[in-house]
Amino acid sequence: WISERGGKITRLNPATGAKNTVITISEVEATGEGGLLGMVLHPNFSTTPQVFVTYNYDGGSGYREKVVRYTYNGTTLVNPFTVIDNIGASDIHNGSRLVISPDLKLYVSTGDAANPATAQNVSSRNGKILRLNLDGSVPADNPVAGNPYWSWGHRNPQGLVFANNKLYSSEHGPSNDDEINIIEKGRNYGWLNVQGFCDQTGEQGFCQTNNVKEPLKAWTPTIATCGLDYYNHDLIPQWKNSLLLATLKNMRLY
């Protein structure tokens, strides 16, 4: 399954190379970095053929973002159901990666949408990793009752993957400190007050006061961390049990 920023979703047969478009979502507005940005299939797709997508659109009151669940009928995607809406969007920093955990919770990464203050505001849906049930309801064990946020203090996370019961994310820094993080319940990841590790004099007090979780790794100069996956197969033994990170600079895979 392949999603394109302009709103097209395609199925590719890897054996033959044949591609067929299953839907073009007309509501998608691809502005700047925005558009159709994230997609995940239900883990039990053969019996529950659901496809979750996140995209930007113009709802009449400005540029926004939402997650929509479709059902695949064997030919096209039907029965759109809005899982969550009213997420702020911009021409930059829309985040928008989706992953479903083994216990069937949907995690959604959101960027600060060019408004860094939202990352430290738990009432905002931006600058967060959100956690939802697949029907859009908020799980009872989220950090705050009725609030979809799972972690906060994010700038623009564009990679999200579960591996060995841990949730990893990759996140764009500004001109410094791109990050790989392990996402934990209720933790603050520092943005805008902290960039990378808590290693600057002005950051350390904030980190202690706000229980900031430091990254596993940070890059300066930045590498433009993007898509993230986990490899646990035998075909390339040197890669087994590794995170694979795609970047937007220098066409590299780490």
# chains A, B, ... in the order shown; residues from 1 in each chain; ligands from 1
$ residues_around --residues "segment 64-79 of chain A" --least-positions-apart "3" --cutoff "8 Å" --atoms "only C-alpha atoms" --output "PDB file with C-alpha atoms, in the first residue's frame"
ATOM      1  CA  VAL A  22      -7.897   2.263  -4.851  1.00  0.00           C
ATOM      2  CA  ILE A  23      -8.939   5.841  -4.052  1.00  0.00           C
ATOM      3  CA  PRO A  49      -9.758  -4.750   6.224  1.00  0.00           C
ATOM      4  CA  GLN A  50      -9.453  -1.255   7.665  1.00  0.00           C
ATOM      5  CA  VAL A  51      -7.072   1.447   6.446  1.00  0.00           C
ATOM      6  CA  PHE A  52      -6.298   4.477   8.627  1.00  0.00           C
ATOM      7  CA  VAL A  53      -4.978   7.644   6.984  1.00  0.00           C
ATOM      8  CA  THR A  54      -4.052  11.094   8.246  1.00  0.00           C
ATOM      9  CA  TYR A  55      -4.212  14.144   6.015  1.00  0.00           C
ATOM     10  CA  ASN A  56      -4.504  17.919   5.815  1.00  0.00           C
ATOM     11  CA  TYR A  57      -7.505  19.726   4.382  1.00  0.00           C
ATOM     12  CA  ASP A  58      -9.154  23.140   4.291  1.00  0.00           C
ATOM     13  CA  GLY A  59     -12.238  22.922   6.462  1.00  0.00           C
ATOM     14  CA  THR A  82     -13.399  10.297  11.186  1.00  0.00           C
ATOM     15  CA  VAL A  83     -11.320   8.975  14.090  1.00  0.00           C
ATOM     16  CA  ILE A  84     -10.053  12.387  15.238  1.00  0.00           C
ATOM     17  CA  ASP A  85     -10.298  15.881  13.768  1.00  0.00           C
ATOM     18  CA  ASN A  86      -9.468  19.480  14.601  1.00  0.00           C
ATOM     19  CA  ILE A  87      -5.702  19.029  14.743  1.00  0.00           C
ATOM     20  CA  GLY A  88      -3.868  22.206  13.792  1.00  0.00           C
ATOM     21  CA  ALA A  89      -1.970  22.145  10.481  1.00  0.00           C
ATOM     22  CA  SER A  90       0.419  24.386   8.586  1.00  0.00           C
TER      23      SER A  90
END
$ residues_around --residues "Tyr107 of chain A" --least-positions-apart "2" --cutoff "9 Å" --atoms "only C-alpha atoms" --output "PyMOL selection string"
chain A and resi 97-101+105+109+129-133+150+160
$ write_last_selection --atoms "all heavy atoms" --output "tab-separated table (two decimals), in the first residue's frame"
chain	number	residue	atom	x	y	z
A	97	ARG	N	2.43	10.57	11.49
A	97	ARG	CA	2.65	9.15	11.27
A	97	ARG	C	1.71	8.37	12.17
A	97	ARG	O	1.38	8.80	13.28
A	97	ARG	CB	4.11	8.77	11.56
A	97	ARG	CG	5.09	9.37	10.58
A	97	ARG	CD	4.80	8.95	9.14
A	97	ARG	NE	5.78	9.47	8.21
A	97	ARG	CZ	5.65	10.63	7.54
A	97	ARG	NH1	4.58	11.38	7.74
A	97	ARG	NH2	6.58	11.01	6.69
A	98	LEU	N	1.29	7.21	11.68
A	98	LEU	CA	0.34	6.37	12.38
A	98	LEU	C	0.96	5.01	12.65
A	98	LEU	O	1.67	4.46	11.80
A	98	LEU	CB	-0.93	6.16	11.54
A	98	LEU	CG	-1.69	7.41	11.06
A	98	LEU	CD1	-2.86	6.99	10.17
A	98	LEU	CD2	-2.20	8.20	12.25
A	99	VAL	N	0.66	4.44	13.81
A	99	VAL	CA	1.05	3.06	14.11
A	99	VAL	C	0.01	2.48	15.06
A	99	VAL	O	-0.57	3.21	15.88
A	99	VAL	CB	2.48	2.99	14.72
A	99	VAL	CG1	2.54	3.63	16.09
A	99	VAL	CG2	2.99	1.57	14.77
A	100	ILE	N	-0.27	1.19	14.91
A	100	ILE	CA	-1.21	0.49	15.78
A	100	ILE	C	-0.43	-0.50	16.62
A	100	ILE	O	0.34	-1.31	16.10
A	100	ILE	CB	-2.31	-0.21	14.97
A	100	ILE	CG1	-3.13	0.84	14.19
A	100	ILE	CG2	-3.23	-1.02	15.89
A	100	ILE	CD1	-4.17	0.24	13.26
A	101	SER	N	-0.62	-0.43	17.92
A	101	SER	CA	0.12	-1.28	18.85
A	101	SER	C	-0.46	-2.69	18.89
A	101	SER	O	-1.59	-2.93	18.42
A	101	SER	CB	0.08	-0.65	20.25
A	101	SER	OG	-1.27	-0.57	20.70
A	105	LYS	N	-4.22	-0.14	19.94
A	105	LYS	CA	-4.36	1.30	20.16
A	105	LYS	C	-3.69	2.02	19.00
A	105	LYS	O	-2.63	1.60	18.52
A	105	LYS	CB	-3.71	1.73	21.48
A	105	LYS	CG	-4.22	1.00	22.71
A	105	LYS	CD	-5.71	1.15	22.92
A	105	LYS	CE	-6.14	0.42	24.18
A	105	LYS	NZ	-7.63	0.36	24.30
A	109	SER	N	1.35	10.75	15.50
A	109	SER	CA	2.32	11.82	15.80
A	109	SER	C	1.82	13.12	15.17
A	109	SER	O	1.34	13.14	14.04
A	109	SER	CB	3.71	11.46	15.26
A	109	SER	OG	3.76	11.54	13.86
A	129	ILE	N	2.34	12.96	20.77
A	129	ILE	CA	1.97	11.63	20.30
A	129	ILE	C	0.60	11.38	20.92
A	129	ILE	O	0.46	11.38	22.16
A	129	ILE	CB	2.96	10.53	20.72
A	129	ILE	CG1	4.40	10.89	20.28
A	129	ILE	CG2	2.54	9.18	20.17
A	129	ILE	CD1	4.61	10.94	18.79
A	130	LEU	N	-0.41	11.19	20.08
A	130	LEU	CA	-1.76	10.93	20.55
A	130	LEU	C	-2.01	9.42	20.60
A	130	LEU	O	-1.42	8.66	19.84
A	130	LEU	CB	-2.79	11.58	19.62
A	130	LEU	CG	-2.61	13.07	19.31
A	130	LEU	CD1	-3.67	13.53	18.32
A	130	LEU	CD2	-2.66	13.90	20.59
A	131	ARG	N	-2.87	9.00	21.50
A	131	ARG	CA	-3.22	7.57	21.64
A	131	ARG	C	-4.73	7.44	21.73
A	131	ARG	O	-5.37	8.06	22.59
A	131	ARG	CB	-2.57	6.98	22.89
A	131	ARG	CG	-2.89	5.50	23.16
A	131	ARG	CD	-2.11	5.07	24.40
A	131	ARG	NE	-2.28	3.68	24.77
A	131	ARG	CZ	-3.09	3.27	25.76
A	131	ARG	NH1	-3.81	4.14	26.43
A	131	ARG	NH2	-3.17	1.98	26.07
A	132	LEU	N	-5.29	6.62	20.84
A	132	LEU	CA	-6.74	6.48	20.71
A	132	LEU	C	-7.12	5.02	20.56
A	132	LEU	O	-6.32	4.20	20.10
A	132	LEU	CB	-7.24	7.25	19.48
A	132	LEU	CG	-7.03	8.76	19.48
A	132	LEU	CD1	-7.11	9.30	18.05
A	132	LEU	CD2	-8.07	9.44	20.35
A	133	ASN	N	-8.36	4.71	20.91
A	133	ASN	CA	-8.94	3.45	20.48
A	133	ASN	C	-9.25	3.55	19.00
A	133	ASN	O	-9.34	4.66	18.43
A	133	ASN	CB	-10.21	3.16	21.27
A	133	ASN	CG	-9.95	2.93	22.75
A	133	ASN	OD1	-9.03	2.20	23.12
A	133	ASN	ND2	-10.75	3.56	23.60
A	150	TRP	N	-0.60	11.21	24.62
A	150	TRP	CA	0.17	10.17	25.31
A	150	TRP	C	1.52	10.73	25.76
A	150	TRP	O	1.99	10.44	26.85
A	150	TRP	CB	0.37	8.99	24.36
A	150	TRP	CG	1.03	7.78	24.97
A	150	TRP	CD1	2.28	7.29	24.70
A	150	TRP	CD2	0.47	6.88	25.93
A	150	TRP	NE1	2.54	6.15	25.43
A	150	TRP	CE2	1.44	5.87	26.20
A	150	TRP	CE3	-0.76	6.82	26.60
A	150	TRP	CZ2	1.22	4.82	27.09
A	150	TRP	CZ3	-0.98	5.78	27.50
A	150	TRP	CH2	0.01	4.80	27.73
A	160	LEU	N	7.49	6.55	13.37
A	160	LEU	CA	6.84	5.95	14.53
A	160	LEU	C	6.80	4.45	14.29
A	160	LEU	O	6.28	4.00	13.26
A	160	LEU	CB	5.43	6.52	14.66
A	160	LEU	CG	4.76	6.64	16.03
A	160	LEU	CD1	5.62	7.43	17.01
A	160	LEU	CD2	3.39	7.26	15.88
$ closest_atom_pairs --of "segment 86-183 of chain A" --to "segment 26-37 of chain A" --cutoff "6 Å" --atoms "only C-alpha atoms" --output "tab-separated table"
residue	atom	partner	partner_atom	distance
A:Asp91	CA	A:Gly32	CA	4.3
A:Ile92	CA	A:Glu33	CA	5.2
A:Ser96	CA	A:Leu37	CA	5.8
$ select_by_dssp --residues "segment 20-215 of chain A" --states "alpha helix (DSSP H)" --output "ChimeraX atom specification"
/A:201-209
$ write_last_selection --atoms "all heavy atoms" --output "PDB file, in the first residue's frame"
ATOM      1  N   THR A 201      22.991  24.747  30.043  1.00  0.00           N
ATOM      2  CA  THR A 201      22.666  25.299  31.358  1.00  0.00           C
ATOM      3  C   THR A 201      21.211  25.732  31.441  1.00  0.00           C
ATOM      4  O   THR A 201      20.518  25.466  32.426  1.00  0.00           O
ATOM      5  CB  THR A 201      23.590  26.488  31.679  1.00  0.00           C
ATOM      6  OG1 THR A 201      24.954  26.047  31.630  1.00  0.00           O
ATOM      7  CG2 THR A 201      23.281  27.056  33.052  1.00  0.00           C
ATOM      8  N   GLY A 202      20.715  26.363  30.401  1.00  0.00           N
ATOM      9  CA  GLY A 202      19.342  26.842  30.402  1.00  0.00           C
ATOM     10  C   GLY A 202      18.298  25.746  30.296  1.00  0.00           C
ATOM     11  O   GLY A 202      17.115  25.991  30.545  1.00  0.00           O
ATOM     12  N   GLU A 203      18.728  24.527  29.923  1.00  0.00           N
ATOM     13  CA  GLU A 203      17.784  23.420  29.740  1.00  0.00           C
ATOM     14  C   GLU A 203      17.632  22.566  30.990  1.00  0.00           C
ATOM     15  O   GLU A 203      16.585  21.945  31.221  1.00  0.00           O
ATOM     16  CB  GLU A 203      18.248  22.510  28.593  1.00  0.00           C
ATOM     17  CG  GLU A 203      18.282  23.192  27.236  1.00  0.00           C
ATOM     18  CD  GLU A 203      18.878  22.302  26.157  1.00  0.00           C
ATOM     19  OE1 GLU A 203      19.656  21.369  26.498  1.00  0.00           O
ATOM     20  OE2 GLU A 203      18.565  22.516  24.979  1.00  0.00           O
ATOM     21  N   GLN A 204      18.665  22.493  31.800  1.00  0.00           N
ATOM     22  CA  GLN A 204      18.706  21.489  32.860  1.00  0.00           C
ATOM     23  C   GLN A 204      17.629  21.700  33.923  1.00  0.00           C
ATOM     24  O   GLN A 204      17.014  20.734  34.392  1.00  0.00           O
ATOM     25  CB  GLN A 204      20.102  21.457  33.461  1.00  0.00           C
ATOM     26  CG  GLN A 204      21.122  20.890  32.488  1.00  0.00           C
ATOM     27  CD  GLN A 204      22.566  21.126  32.880  1.00  0.00           C
ATOM     28  OE1 GLN A 204      22.850  21.818  33.855  1.00  0.00           O
ATOM     29  NE2 GLN A 204      23.495  20.561  32.117  1.00  0.00           N
ATOM     30  N   GLY A 205      17.373  22.937  34.289  1.00  0.00           N
ATOM     31  CA  GLY A 205      16.319  23.207  35.263  1.00  0.00           C
ATOM     32  C   GLY A 205      14.954  22.814  34.733  1.00  0.00           C
ATOM     33  O   GLY A 205      14.145  22.217  35.460  1.00  0.00           O
ATOM     34  N   PHE A 206      14.702  23.132  33.458  1.00  0.00           N
ATOM     35  CA  PHE A 206      13.419  22.763  32.850  1.00  0.00           C
ATOM     36  C   PHE A 206      13.264  21.246  32.816  1.00  0.00           C
ATOM     37  O   PHE A 206      12.189  20.710  33.096  1.00  0.00           O
ATOM     38  CB  PHE A 206      13.326  23.340  31.435  1.00  0.00           C
ATOM     39  CG  PHE A 206      12.003  23.084  30.758  1.00  0.00           C
ATOM     40  CD1 PHE A 206      10.956  23.979  30.893  1.00  0.00           C
ATOM     41  CD2 PHE A 206      11.811  21.940  29.998  1.00  0.00           C
ATOM     42  CE1 PHE A 206       9.731  23.738  30.277  1.00  0.00           C
ATOM     43  CE2 PHE A 206      10.601  21.690  29.374  1.00  0.00           C
ATOM     44  CZ  PHE A 206       9.560  22.586  29.521  1.00  0.00           C
ATOM     45  N   CYS A 207      14.341  20.542  32.473  1.00  0.00           N
ATOM     46  CA  CYS A 207      14.291  19.079  32.403  1.00  0.00           C
ATOM     47  C   CYS A 207      13.935  18.475  33.752  1.00  0.00           C
ATOM     48  O   CYS A 207      13.112  17.545  33.836  1.00  0.00           O
ATOM     49  CB  CYS A 207      15.629  18.534  31.921  1.00  0.00           C
ATOM     50  SG  CYS A 207      15.970  18.856  30.171  1.00  0.00           S
ATOM     51  N   GLN A 208      14.533  18.983  34.810  1.00  0.00           N
ATOM     52  CA  GLN A 208      14.269  18.437  36.142  1.00  0.00           C
ATOM     53  C   GLN A 208      12.851  18.743  36.589  1.00  0.00           C
ATOM     54  O   GLN A 208      12.158  17.884  37.145  1.00  0.00           O
ATOM     55  CB  GLN A 208      15.284  19.006  37.131  1.00  0.00           C
ATOM     56  CG  GLN A 208      16.710  18.529  36.886  1.00  0.00           C
ATOM     57  CD  GLN A 208      17.732  19.251  37.749  1.00  0.00           C
ATOM     58  OE1 GLN A 208      17.385  20.109  38.560  1.00  0.00           O
ATOM     59  NE2 GLN A 208      19.002  18.911  37.570  1.00  0.00           N
ATOM     60  N   THR A 209      12.394  19.951  36.329  1.00  0.00           N
ATOM     61  CA  THR A 209      11.067  20.368  36.781  1.00  0.00           C
ATOM     62  C   THR A 209       9.955  19.656  36.020  1.00  0.00           C
ATOM     63  O   THR A 209       8.896  19.365  36.583  1.00  0.00           O
ATOM     64  CB  THR A 209      10.912  21.888  36.624  1.00  0.00           C
ATOM     65  OG1 THR A 209      11.928  22.548  37.365  1.00  0.00           O
ATOM     66  CG2 THR A 209       9.555  22.362  37.090  1.00  0.00           C
TER      67      THR A 209
END
$ residues_around --residues "segment 241-248 of chain A" --least-positions-apart "5" --cutoff "12 Å" --atoms "only C-alpha atoms" --output "PyMOL selection string"
chain A and resi 158-164+166-172+178-182+219+222-234+236+253-254
$ write_last_selection --atoms "N, CA and C atoms" --output "tab-separated table (two decimals), in the first residue's frame"
chain	number	residue	atom	x	y	z
A	158	GLN	N	8.27	12.46	12.63
A	158	GLN	CA	7.86	11.93	11.33
A	158	GLN	C	8.19	10.44	11.17
A	159	GLY	N	8.52	9.77	12.24
A	159	GLY	CA	8.70	8.33	12.20
A	159	GLY	C	8.14	7.73	13.47
A	160	LEU	N	7.49	6.55	13.37
A	160	LEU	CA	6.84	5.95	14.53
A	160	LEU	C	6.80	4.45	14.29
A	161	VAL	N	7.33	3.66	15.24
A	161	VAL	CA	7.32	2.21	15.06
A	161	VAL	C	7.39	1.52	16.42
A	162	PHE	N	6.68	0.40	16.55
A	162	PHE	CA	6.79	-0.45	17.73
A	162	PHE	C	7.84	-1.52	17.48
A	163	ALA	N	8.68	-1.78	18.48
A	163	ALA	CA	9.66	-2.86	18.41
A	163	ALA	C	9.93	-3.35	19.83
A	164	ASN	N	9.78	-4.64	20.04
A	164	ASN	CA	10.06	-5.24	21.36
A	164	ASN	C	9.33	-4.50	22.49
A	166	LYS	N	8.39	-1.54	22.72
A	166	LYS	CA	8.72	-0.12	22.90
A	166	LYS	C	8.25	0.65	21.67
A	167	LEU	N	7.83	1.89	21.91
A	167	LEU	CA	7.42	2.78	20.82
A	167	LEU	C	8.56	3.76	20.57
A	168	TYR	N	9.12	3.72	19.36
A	168	TYR	CA	10.21	4.60	18.95
A	168	TYR	C	9.67	5.69	18.01
A	169	SER	N	10.25	6.87	18.11
A	169	SER	CA	9.91	7.92	17.15
A	169	SER	C	11.18	8.60	16.67
A	170	SER	N	11.11	9.14	15.45
A	170	SER	CA	12.16	10.01	14.94
A	170	SER	C	11.57	11.40	14.80
A	171	GLU	N	12.38	12.42	15.12
A	171	GLU	CA	11.85	13.78	15.22
A	171	GLU	C	12.84	14.78	14.65
A	172	HIS	N	12.30	15.72	13.89
A	172	HIS	CA	13.12	16.80	13.33
A	172	HIS	C	13.43	17.84	14.39
A	178	ASP	N	18.36	16.70	15.63
A	178	ASP	CA	17.39	15.69	15.24
A	178	ASP	C	17.46	14.55	16.26
A	179	GLU	N	16.35	13.85	16.47
A	179	GLU	CA	16.29	12.91	17.59
A	179	GLU	C	15.70	11.56	17.22
A	180	ILE	N	16.13	10.52	17.96
A	180	ILE	CA	15.41	9.26	18.08
A	180	ILE	C	14.99	9.15	19.54
A	181	ASN	N	13.70	8.91	19.77
A	181	ASN	CA	13.17	8.83	21.13
A	181	ASN	C	12.46	7.51	21.37
A	182	ILE	N	12.45	7.08	22.63
A	182	ILE	CA	11.52	6.06	23.10
A	182	ILE	C	10.37	6.79	23.78
A	219	TRP	N	21.36	14.22	16.47
A	219	TRP	CA	22.32	14.56	15.42
A	219	TRP	C	22.44	16.08	15.25
A	222	THR	N	21.98	18.41	11.54
A	222	THR	CA	20.80	17.58	11.36
A	222	THR	C	20.91	16.71	10.11
A	223	ILE	N	20.20	15.58	10.16
A	223	ILE	CA	20.14	14.68	9.00
A	223	ILE	C	18.72	14.61	8.42
A	224	ALA	N	17.77	15.32	9.06
A	224	ALA	CA	16.36	15.34	8.63
A	224	ALA	C	15.72	13.96	8.78
A	225	THR	N	15.65	13.51	10.04
A	225	THR	CA	15.07	12.21	10.37
A	225	THR	C	13.62	12.12	9.89
A	226	CYS	N	13.30	11.01	9.23
A	226	CYS	CA	11.95	10.89	8.67
A	226	CYS	C	11.37	9.51	9.00
A	227	GLY	N	11.11	8.67	7.98
A	227	GLY	CA	10.46	7.39	8.21
A	227	GLY	C	11.30	6.44	9.04
A	228	LEU	N	10.64	5.66	9.89
A	228	LEU	CA	11.31	4.77	10.82
A	228	LEU	C	10.64	3.40	10.77
A	229	ASP	N	11.45	2.34	10.71
A	229	ASP	CA	10.91	0.98	10.72
A	229	ASP	C	11.84	0.08	11.52
A	230	TYR	N	11.39	-1.14	11.77
A	230	TYR	CA	12.17	-2.11	12.55
A	230	TYR	C	12.39	-3.35	11.69
A	231	TYR	N	13.64	-3.81	11.65
A	231	TYR	CA	14.01	-4.98	10.83
A	231	TYR	C	14.39	-6.13	11.75
A	232	ASN	N	13.67	-7.25	11.60
A	232	ASN	CA	13.94	-8.41	12.44
A	232	ASN	C	13.85	-9.70	11.61
A	233	HIS	N	14.44	-9.66	10.42
A	233	HIS	CA	14.37	-10.80	9.49
A	233	HIS	C	15.78	-11.35	9.25
A	234	ASP	N	15.84	-12.46	8.53
A	234	ASP	CA	17.11	-13.16	8.34
A	234	ASP	C	17.78	-12.87	7.00
A	236	ILE	N	18.91	-10.20	5.55
A	236	ILE	CA	20.11	-9.37	5.73
A	236	ILE	C	20.52	-9.50	7.19
A	253	LEU	N	19.91	6.05	4.15
A	253	LEU	CA	19.21	5.16	5.04
A	253	LEU	C	20.19	4.78	6.15
A	254	TYR	N	19.80	5.01	7.39
A	254	TYR	CA	20.65	4.70	8.54
A	254	TYR	C	20.11	3.45	9.25
$ atom_distance --atom1 "atom CA of Asn211 of chain A" --atom2 "atom CA of Asp103 of chain A"
26.4 Å
$ select_by_dssp --residues "segment 30-205 of chain A" --states "strand (DSSP E)" --output "PyMOL selection string"
chain A and resi 36-41+50-58+63-72+77-88+98-100+105-109+128-133+149-152+157-163+166-171+178-183
